[in-house]
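Trainee: Input: one structure, supplied below.
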Amino acid sequence: MHRRLVALASALLLPLVAAPVLTPADAASAPAPTTAVGRQDPAGTPLARGAQRRKLIVRVLSNRADLVSEGDARVAVTAAKGVRLRSIRVFVGRREVTKRFAVRPTGRYEGIVRGLRVGRNVVVARWRGYRARAVVTNHPAGGPLFSGPQLRHYRCQATARDAQCNQPATYSLLYRSTNPLTGGLQPYDPKDPPADMATTTTDRGVRVPFIVRREDGFQDRDRYTILTLWQPGKPWAPWRPQRQFNGKVLVTHGGGCGASYSPGTPPLEDFSGTIPSETPGVTQSYVTALGKGFSVISTALDNTGHNCNVAMNAESLVMAKERFVERYGTIRYTIGTGCSGGSIAQHTVANAYPGIYQGLITTCSYPDTLTAGAQFADYHLMRRYFEEPSRWGPGVAWLPTQMADVEGHLTHLNAVVADEGLFKSALNPEDECGGTTAPVAGDPATRYDSEINPGGVRCSVLDLMVNLIGPRPSSVWTPQEKRAGRGFGGIPFANAGIQYGLEALKAGRITTAQFLDLNEKLGGLDVDSQPIAGRTVGDPASVARAYRTGLVNLATNLDQVAMINFGGPDPGLAHDYAHAFWTEERLRRDQGHTDNRVMWFGAVPLIGDLGWANDALVQMDRWLTRVERDRRTVPLARKVVQDKPADLTDRCTNVPGVGEVPGAGDEVDCVLPESLQLRLSTPREMAGDDVHNDRLSCRLTPLERSAYDFLLVPLTDAEWARLQAIFPRGVCDYSRPGLGSQPAQTWLAYADARGRVVHGGRNLPRVPAASGEGWSSPSFRGLLHR
């Protein structure tokens, strides 16, 4: 029975959460590992009871052993008492690599194994008659790891060494100026040091010149950046970082949702362009983090505006974190930060690939792409109707306030901005995107055109997601798909059965004639996002895969991350604070509480307060430090909730004349006038859907005339006939879950063993034993996940 319990506990461990190696300096500020599961190895890592009988254990520190890339891996060999570490010999296959190993300051016998071939490699440690091994599966530096077959068309940078965009990393030095009007970091020349160079004292009390080394390189066919506080001329090894490194990592993200077929730029700024990065008096949180001793990682592929694909978001971070552990040091915990699309990347990656982050800092918040996309698709269709009065039926007229009412907002402006700034650019396959050229008569070039080049590259994010949501079945192919010889990315949402404006009709704010005319003429969208007379029915398999893959975030796997969300009123930029409540409501439905998330609301549009990005970083650091020090053998989700600082609560501040009213538990209800757009609605909520806003396609129920008995003037026979014609298959039944709704599967891969695409993904095997130990401190492992 005991062995079964141990096996169950191992099976339930989070991916990538085995105990890390801490440097001696780390040990001064981080807790000692727990010994709850048995004796420790020389570096303090707990040994499972079965492992105690083993003389040697080979540990792959820098990543899951089955997801290693770039031909190298950081490996440690731990040994039982009596084994002389320096006598251990290490091999990769038949090739001896012992000379790369030594007893490091960590107390481990470890080294960087290089020259791994693509595919399966066996690392073997031998001492006398004892041996241990680990199977390491190496992937190309250009990817993929698990995101599936790469996009056929891709244009690398001009300096690429091969078709996978690989080239050697480059390094540069930056510094922070003492001039408060000089924002960000400036180029640093060690041969001509600047007179205005600032100094910084890290959170470990180490005072150094504020000099940063920046590494820029390529992984997964795109760019990454690693920044760390640096003392030029002094050595740095992954097992002995310079003393100013505190073992923590901040990951920065960009905004928007888009597709690109060429390398992009890793984002660093907090607000995704919504607030200028050089705003006087505003220090970006990545600069604050560096000054405290954090390192900063950013990848172009974690920017949803460049790559709106959760698997590729996660894959790029897995590769970057592996490189970091191999070259800079083990990580205590990782915090993400970002606005808009940056919140989407954090929320969806944390939910679909748990273990990459331990803390999330989100602003201009959305829970995911596709549920917001369904809202914006509704806006797109409503604009066609509302902004063309010639389409209105006889005797039908719409006031601006009525339009906004049906849309769930105070003005029609939000629909315009969301459509123009977000929906059209993300879903239009003919829109300009990186790495493509526009077709012209006689020259199809590379980009899709429905008439000239139907086989070209489609710039819709649905085609970027095709490994996840799958292509459309041949039974529904358009003439363009038939000419291209393939199905385009499936349509993962629908509006069939939605009675737009139903709540306004019930309240008497619109007439029956308006309600019928709107629903009769709204129509839907085809695979090219072009209007059609009928409603969008979606592709059922793609709808279900959107949930399965985590593109729709039901928040079913977010209980093991700490979250701070902050925001402010929306002046019409489609980022109203209601989207933050979508995540809040989904968390409450899944967990029964939202105690692992803090909500701040302030007066500054979109972001609440100019200083909150830095304050949130400080508060998140406090929170995770407390979790890190928690040595109890209880589920990580419980630690995250119970270790939250008592003074870290919801906020509603800096709003003139507005107070705070305590709510249930630790919640605070902000008493704000509606004009500040604290929490507004959506077209689907105004059609009767619920506050979770996570139904891509509803289940239908037959029309019943009695359902309209609320009308002061009953439906006439002619009106009832029109309603039946509008909804021939029935209307949405919001008492039942949406079609395809299901919790996200975690750690999916989108190819089989031979590299062939698996649409909708397959579950990766359980995390290989003794791997990924460099990704977080031991306390971020949940030994038992009940």
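Every chain in the structure tokens takes a letter, A first, then B, and so on in the order presented; its residues are numbered from 1, and the ligands are numbered from 1 following the presented order.
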If we count only C-alpha atoms, what is near A:Ser295 at a cut-off of 6 Å, once residues fewer than 4 positions away on the same chain are taken out, given as a list in words?
Mentor: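 Near A:Ser295, the qualifying residues are Leu227, Thr228, Val249 and Leu290 of chain A.
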Trainee: Name the residues of stretch 500-700 of chain A that fall into alpha helix (DSSP H) according to DSSP on the backbone, using the chain letters and numbers of this document, as a PyMOL selection string.
Mentor: chain A and resi 502-506+512-521+540-548+578-591+612-628+636-642
Trainee: Can I get the residues of stretch 268-345 of chain A within 12 Å of stretch 105-127 of chain A, each with the closest pair of atoms and their distance in Å to one decimal, using only C-alpha atoms, sorted chain first then ascending number, as a tab-separated table?
Mentor:
```
residue	atom	partner	partner_atom	distance
A:Glu322	CA	A:Ile112	CA	11.8
A:Arg323	CA	A:Ile112	CA	11.1
A:Val325	CA	A:Ile112	CA	10.3
A:Glu326	CA	A:Ile112	CA	7.0
A:Arg327	CA	A:Ile112	CA	9.1
A:Tyr328	CA	A:Ile112	CA	12.0
A:Gly329	CA	A:Thr106	CA	10.7
A:Thr330	CA	A:Thr106	CA	10.4
```
Trainee: To one decimal in Å, tell me the separation between atom CA of A:Pro238 and atom CA of A:Lys321.
Mentor: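 Between these atoms lies a distance of 12.7 Å.
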Trainee: Can you write out as a tab-separated table which residues of stretch 273-328 of chain A fall within 12 Å of stretch 419-429 of chain A, alongside each residue's closest atom pair and its distance in Å to one decimal, counting only C-alpha atoms and ordering rows by chain and ascending residue number?
Mentor:
```
residue	atom	partner	partner_atom	distance
A:Thr304	CA	A:Ala426	CA	10.4
A:Gly305	CA	A:Ala426	CA	8.7
A:His306	CA	A:Ala426	CA	10.2
A:Asn307	CA	A:Ala426	CA	10.4
A:Cys308	CA	A:Ala426	CA	8.8
A:Asn309	CA	A:Ala426	CA	11.9
```
Trainee: Limited to N, CA, C and O atoms, could you put the picked residues into a file as a PDB file, in the first residue's frame?
Mentor:
```pdb
ATOM      1  N   THR A 304       1.936  37.550 -27.804  1.00  0.00           N
ATOM      2  CA  THR A 304       0.775  37.087 -28.564  1.00  0.00           C
ATOM      3  C   THR A 304       0.483  37.956 -29.786  1.00  0.00           C
ATOM      4  O   THR A 304      -0.151  37.490 -30.735  1.00  0.00           O
ATOM      5  N   GLY A 305       0.922  39.203 -29.778  1.00  0.00           N
ATOM      6  CA  GLY A 305       0.733  40.041 -30.951  1.00  0.00           C
ATOM      7  C   GLY A 305       1.537  39.548 -32.139  1.00  0.00           C
ATOM      8  O   GLY A 305       1.205  39.830 -33.297  1.00  0.00           O
ATOM      9  N   HIS A 306       2.574  38.791 -31.858  1.00  0.00           N
ATOM     10  CA  HIS A 306       3.439  38.208 -32.883  1.00  0.00           C
ATOM     11  C   HIS A 306       3.091  36.748 -33.120  1.00  0.00           C
ATOM     12  O   HIS A 306       3.221  36.235 -34.228  1.00  0.00           O
ATOM     13  N   ASN A 307       2.617  36.093 -32.063  1.00  0.00           N
ATOM     14  CA  ASN A 307       2.354  34.656 -32.120  1.00  0.00           C
ATOM     15  C   ASN A 307       1.243  34.308 -31.142  1.00  0.00           C
ATOM     16  O   ASN A 307       1.482  34.139 -29.954  1.00  0.00           O
ATOM     17  N   CYS A 308       0.016  34.217 -31.644  1.00  0.00           N
ATOM     18  CA  CYS A 308      -1.147  33.983 -30.788  1.00  0.00           C
ATOM     19  C   CYS A 308      -1.446  32.488 -30.720  1.00  0.00           C
ATOM     20  O   CYS A 308      -2.506  32.028 -31.126  1.00  0.00           O
ATOM     21  N   ASN A 309      -0.496  31.715 -30.197  1.00  0.00           N
ATOM     22  CA  ASN A 309      -0.594  30.264 -30.161  1.00  0.00           C
ATOM     23  C   ASN A 309      -0.026  29.803 -28.826  1.00  0.00           C
ATOM     24  O   ASN A 309       1.175  29.920 -28.589  1.00  0.00           O
TER      25      ASN A 309
END
```
Trainee: Counting only C-alpha atoms, figure out which residue out of A:Phe493, A:Phe515, A:Phe324, A:Trp775 gets nearest to A:Tyr224.
Mentor: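 Ranked by minimum distance to A:Tyr224, first place goes to A:Phe324.
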Trainee: Find the residues near A:Arg699: any atom within 10 Å, counting only C-alpha atoms, skip ones fewer than 4 places away on the same chain, and give them as a list in words.
Mentor: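 Final neighbour list, sorted by chain and number: Ala496, Gly497, Arg695, Gly730, Val731, Cys732, Asp733, Tyr734, Ser735, Arg736, Pro737, Gly738, Leu739 and Gly740 of chain A.
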Trainee: Generate the output file for the selected residues, N, CA and C atoms, as a PDB file, in the first residue's frame.
Mentor:
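Here's the written file again.pdb:
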```pdb
ATOM      1  N   ALA A 496     -24.804  30.787 -33.793  1.00  0.00           N
ATOM      2  CA  ALA A 496     -26.118  30.202 -34.054  1.00  0.00           C
ATOM      3  C   ALA A 496     -26.903  30.099 -32.756  1.00  0.00           C
ATOM      4  N   GLY A 497     -28.148  30.528 -32.788  1.00  0.00           N
ATOM      5  CA  GLY A 497     -29.026  30.418 -31.628  1.00  0.00           C
ATOM      6  C   GLY A 497     -28.978  31.579 -30.660  1.00  0.00           C
ATOM      7  N   ARG A 695     -18.562  30.485 -23.391  1.00  0.00           N
ATOM      8  CA  ARG A 695     -19.345  29.590 -24.239  1.00  0.00           C
ATOM      9  C   ARG A 695     -19.089  29.984 -25.693  1.00  0.00           C
ATOM     10  N   GLY A 730     -33.559  26.350 -33.303  1.00  0.00           N
ATOM     11  CA  GLY A 730     -33.732  26.649 -31.898  1.00  0.00           C
ATOM     12  C   GLY A 730     -32.817  27.757 -31.425  1.00  0.00           C
ATOM     13  N   VAL A 731     -32.908  28.075 -30.138  1.00  0.00           N
ATOM     14  CA  VAL A 731     -32.130  29.158 -29.533  1.00  0.00           C
ATOM     15  C   VAL A 731     -31.245  28.580 -28.429  1.00  0.00           C
ATOM     16  N   CYS A 732     -30.329  29.397 -27.964  1.00  0.00           N
ATOM     17  CA  CYS A 732     -29.350  28.939 -26.985  1.00  0.00           C
ATOM     18  C   CYS A 732     -30.009  28.524 -25.672  1.00  0.00           C
ATOM     19  N   ASP A 733     -29.542  27.404 -25.154  1.00  0.00           N
ATOM     20  CA  ASP A 733     -29.970  26.924 -23.836  1.00  0.00           C
ATOM     21  C   ASP A 733     -28.806  27.161 -22.876  1.00  0.00           C
ATOM     22  N   TYR A 734     -28.888  28.240 -22.112  1.00  0.00           N
ATOM     23  CA  TYR A 734     -27.776  28.612 -21.244  1.00  0.00           C
ATOM     24  C   TYR A 734     -27.782  27.850 -19.917  1.00  0.00           C
ATOM     25  N   SER A 735     -28.706  26.942 -19.759  1.00  0.00           N
ATOM     26  CA  SER A 735     -28.690  26.103 -18.560  1.00  0.00           C
ATOM     27  C   SER A 735     -27.733  24.929 -18.719  1.00  0.00           C
ATOM     28  N   ARG A 736     -27.216  24.733 -19.932  1.00  0.00           N
ATOM     29  CA  ARG A 736     -26.302  23.621 -20.184  1.00  0.00           C
ATOM     30  C   ARG A 736     -24.949  24.159 -20.647  1.00  0.00           C
ATOM     31  N   PRO A 737     -23.876  23.404 -20.385  1.00  0.00           N
ATOM     32  CA  PRO A 737     -22.548  23.844 -20.854  1.00  0.00           C
ATOM     33  C   PRO A 737     -22.529  23.992 -22.364  1.00  0.00           C
ATOM     34  N   GLY A 738     -21.630  24.823 -22.849  1.00  0.00           N
ATOM     35  CA  GLY A 738     -21.499  25.012 -24.280  1.00  0.00           C
ATOM     36  C   GLY A 738     -20.998  23.753 -24.973  1.00  0.00           C
ATOM     37  N   LEU A 739     -21.221  23.685 -26.262  1.00  0.00           N
ATOM     38  CA  LEU A 739     -20.745  22.551 -27.042  1.00  0.00           C
ATOM     39  C   LEU A 739     -19.227  22.440 -26.930  1.00  0.00           C
ATOM     40  N   GLY A 740     -18.736  21.245 -26.697  1.00  0.00           N
ATOM     41  CA  GLY A 740     -17.295  21.004 -26.645  1.00  0.00           C
ATOM     42  C   GLY A 740     -16.615  21.437 -25.377  1.00  0.00           C
TER      43      GLY A 740
END
```
Trainee: Taking only stretch 201-266 of chain A into account, list the residues labelled strand (DSSP E) by DSSP (computed from the backbone), as a ChimeraX atom specification.
Mentor: /A:201,207-209,211-219,222-229,248-252
Trainee: Between atom CA of A:Asp220 and atom CA of A:Pro144, what is the spacing in Å?
Mentor: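 Atom-to-atom, atom CA of A:Pro144 and atom CA of A:Asp220 are spaced 6.3 Å apart.
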Trainee: Work out how far apart atom CA of A:Ser340 and atom CA of A:Ala616 are and give it in Å to one decimal.
Mentor: 16.2 Å
